[in-house]
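Notes follow the structure.
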Amino acid sequence: MKNLTFSEKLGRFTVSWIFLMLVWIAFTSTFASQELIVGVFTTMVIALLSVRLFTCCTISIFNPVKVFWMIWYLIIFLKALVESNFDVARRVLTPSLPINPGIVKFKTKLQTHYSKMVLANSITLTPGTLTVDVVGDTFYIHWIDVKTTDPEKAFTDIAGQFENILLKIF
């Protein structure tokens with residue numbers, strides 16, 4: 001792992017601290033001063049101890065353009081999640097519907113490990129698809145109803161909309 005500069009460490013610490021503080025507030029469900037004071041110090045210590053391990057991004061991730069694309073990604077992901085849930089439910093409730101399970105592979109343009117992880121998890125979280133492996137820039141996906149073995153068409157059907165947005169964020 002490369003040595004991080006002070007500004008990179010500070011940026012990662014800040015991102016981690018903000019995220020952990022938001023999680024703290026979500027779990028405590030209160031803005032009481034004693035809860036916030038404990039939360040500030042607790043999350044600060046955790047962020048300091050984990051800055052090299054868990055944080056991929058610097059403060060630049062809070063660029064308004066990137067924040068817009070993150071919100072748009074969430075909307076697109078939730079839409080895909082709902083659609084795939086209905087598709088799988090329809091297949092369960094109508095056993096006569098054909099399924100054609102199989103493994104498809106495609107390549108991604110994403111460069112960072114973190115962006116590939118976000119894509120892999122997004123694919124896995126949508127019912128009907130499961131990321132089996134990621135080797136370099138190649139994804140192996142189990143698909144409940146393989147419509148094509150053409151990698152480019154499979155990519156478009158499974159991950160195209162996700163990757164286009166992730167490229168703008170990362």
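Ordering of the structure tokens sets the chain letters (A, B, ...), residue numbers begin anew at 1 in every chain, and ligands are numbered from 1 in the order given.
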(request) Please identify which residues in chain A DSSP calls strand (DSSP E) from the backbone, and express them as a list in words. (result)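 Selection result, strand (DSSP E) within chain A: Gly102, Ile103, Val104, Lys105, Phe106, Lys107, Thr129, Leu130, Thr131, Val132, Asp133, Val134, Val135, Thr138, Phe139, Tyr140, Ile141, His142 and Trp143 of chain A.
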For the residues in the current selection, export C-alpha atoms as a PDB file, in the first residue's frame.
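This went into selection18.pdb:
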```pdb
ATOM      1  CA  GLY A 102     -26.246 -19.061 -16.030  1.00  0.00           C
ATOM      2  CA  ILE A 103     -23.024 -17.162 -15.603  1.00  0.00           C
ATOM      3  CA  VAL A 104     -22.204 -14.243 -17.880  1.00  0.00           C
ATOM      4  CA  LYS A 105     -19.051 -12.170 -17.963  1.00  0.00           C
ATOM      5  CA  PHE A 106     -18.307  -8.652 -19.039  1.00  0.00           C
ATOM      6  CA  LYS A 107     -15.570  -6.064 -18.705  1.00  0.00           C
ATOM      7  CA  THR A 129     -28.226 -11.282 -10.275  1.00  0.00           C
ATOM      8  CA  LEU A 130     -25.249 -12.192  -8.139  1.00  0.00           C
ATOM      9  CA  THR A 131     -21.646 -11.117  -8.543  1.00  0.00           C
ATOM     10  CA  VAL A 132     -19.682 -14.355  -8.392  1.00  0.00           C
ATOM     11  CA  ASP A 133     -16.202 -12.971  -9.002  1.00  0.00           C
ATOM     12  CA  VAL A 134     -14.295  -9.932 -10.164  1.00  0.00           C
ATOM     13  CA  VAL A 135     -10.932 -10.583 -11.794  1.00  0.00           C
ATOM     14  CA  THR A 138     -13.844  -8.716 -15.713  1.00  0.00           C
ATOM     15  CA  PHE A 139     -17.050  -9.371 -13.768  1.00  0.00           C
ATOM     16  CA  TYR A 140     -18.606 -12.842 -13.543  1.00  0.00           C
ATOM     17  CA  ILE A 141     -22.316 -12.600 -12.802  1.00  0.00           C
ATOM     18  CA  HIS A 142     -24.865 -15.342 -12.075  1.00  0.00           C
ATOM     19  CA  TRP A 143     -28.060 -14.254 -13.827  1.00  0.00           C
TER      20      TRP A 143
END
```
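Considering the residues A:Val146, A:Val92, A:Ile123, A:Ile76 and counting only C-alpha atoms, Ile165 of chain A has its shortest atom-to-atom contact with A:Ile76.
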(request) Show which residues sit within 12 Å of segment 56-63 of chain A, as a PyMOL selection string. Count only C-alpha atoms, and ignore same-chain residues fewer than 3 positions away. (result) chain A and resi 4-19+50-53+66-71+112-115+117-118+168-170
(request) Would you please give, as a PyMOL selection string, all residues of chain A that DSSP assigns to alpha helix (DSSP H) based on the backbone? (result) chain A and resi 6-28+33-54+64-93+113-125+151-158+160-169
(request) Quick one: everything within 8 Å of segment 147-149 of chain A, counting only C-alpha atoms, minus sequence neighbours fewer than 4 positions away in the same chain. Send it as a list in words. (result) Asn100, Val104, Lys153 and Ala154 of chain A
(message) When you count only C-alpha atoms, which of these residues is closest to Ile99 of chain A: A:Ile37, A:Ile144, A:Leu22, A:Leu48?
(response)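 Using only C-alpha atoms, the shortest distance to Ile99 of chain A belongs to A:Ile144.
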(request) With a distance cut-off of 10 Å and only C-alpha atoms, select the neighbouring residues of Leu125 of chain A, excluding the residue or stretch itself and same-chain residues fewer than 5 positions from it, and output the selection as an MDAnalysis selection string. (result) chainID A and resid 77 80:81 84 119:120 130:131
(request) Tell me which of A:Gln34, A:Thr43, A:Tyr73, A:Pro64 sits closest to Met21 of chain A, counting only C-alpha atoms. (result)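 When distances to Met21 of chain A are compared using only C-alpha atoms, the smallest one comes from A:Thr43.
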(message) Nearest residue to Pro127 of chain A out of A:Val88, A:Leu110, A:Val45, A:Ile158, using only C-alpha atoms?
(response)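 Under the stated criterion, the closest residue is A:Val88.
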(request) For atom CA of Ile46 of chain A and atom CA of Lys116 of chain A, quote the distance in Å rounded to one decimal. (result)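 One can read the atom CA of Ile46 of chain A to atom CA of Lys116 of chain A distance as 25.1 Å.
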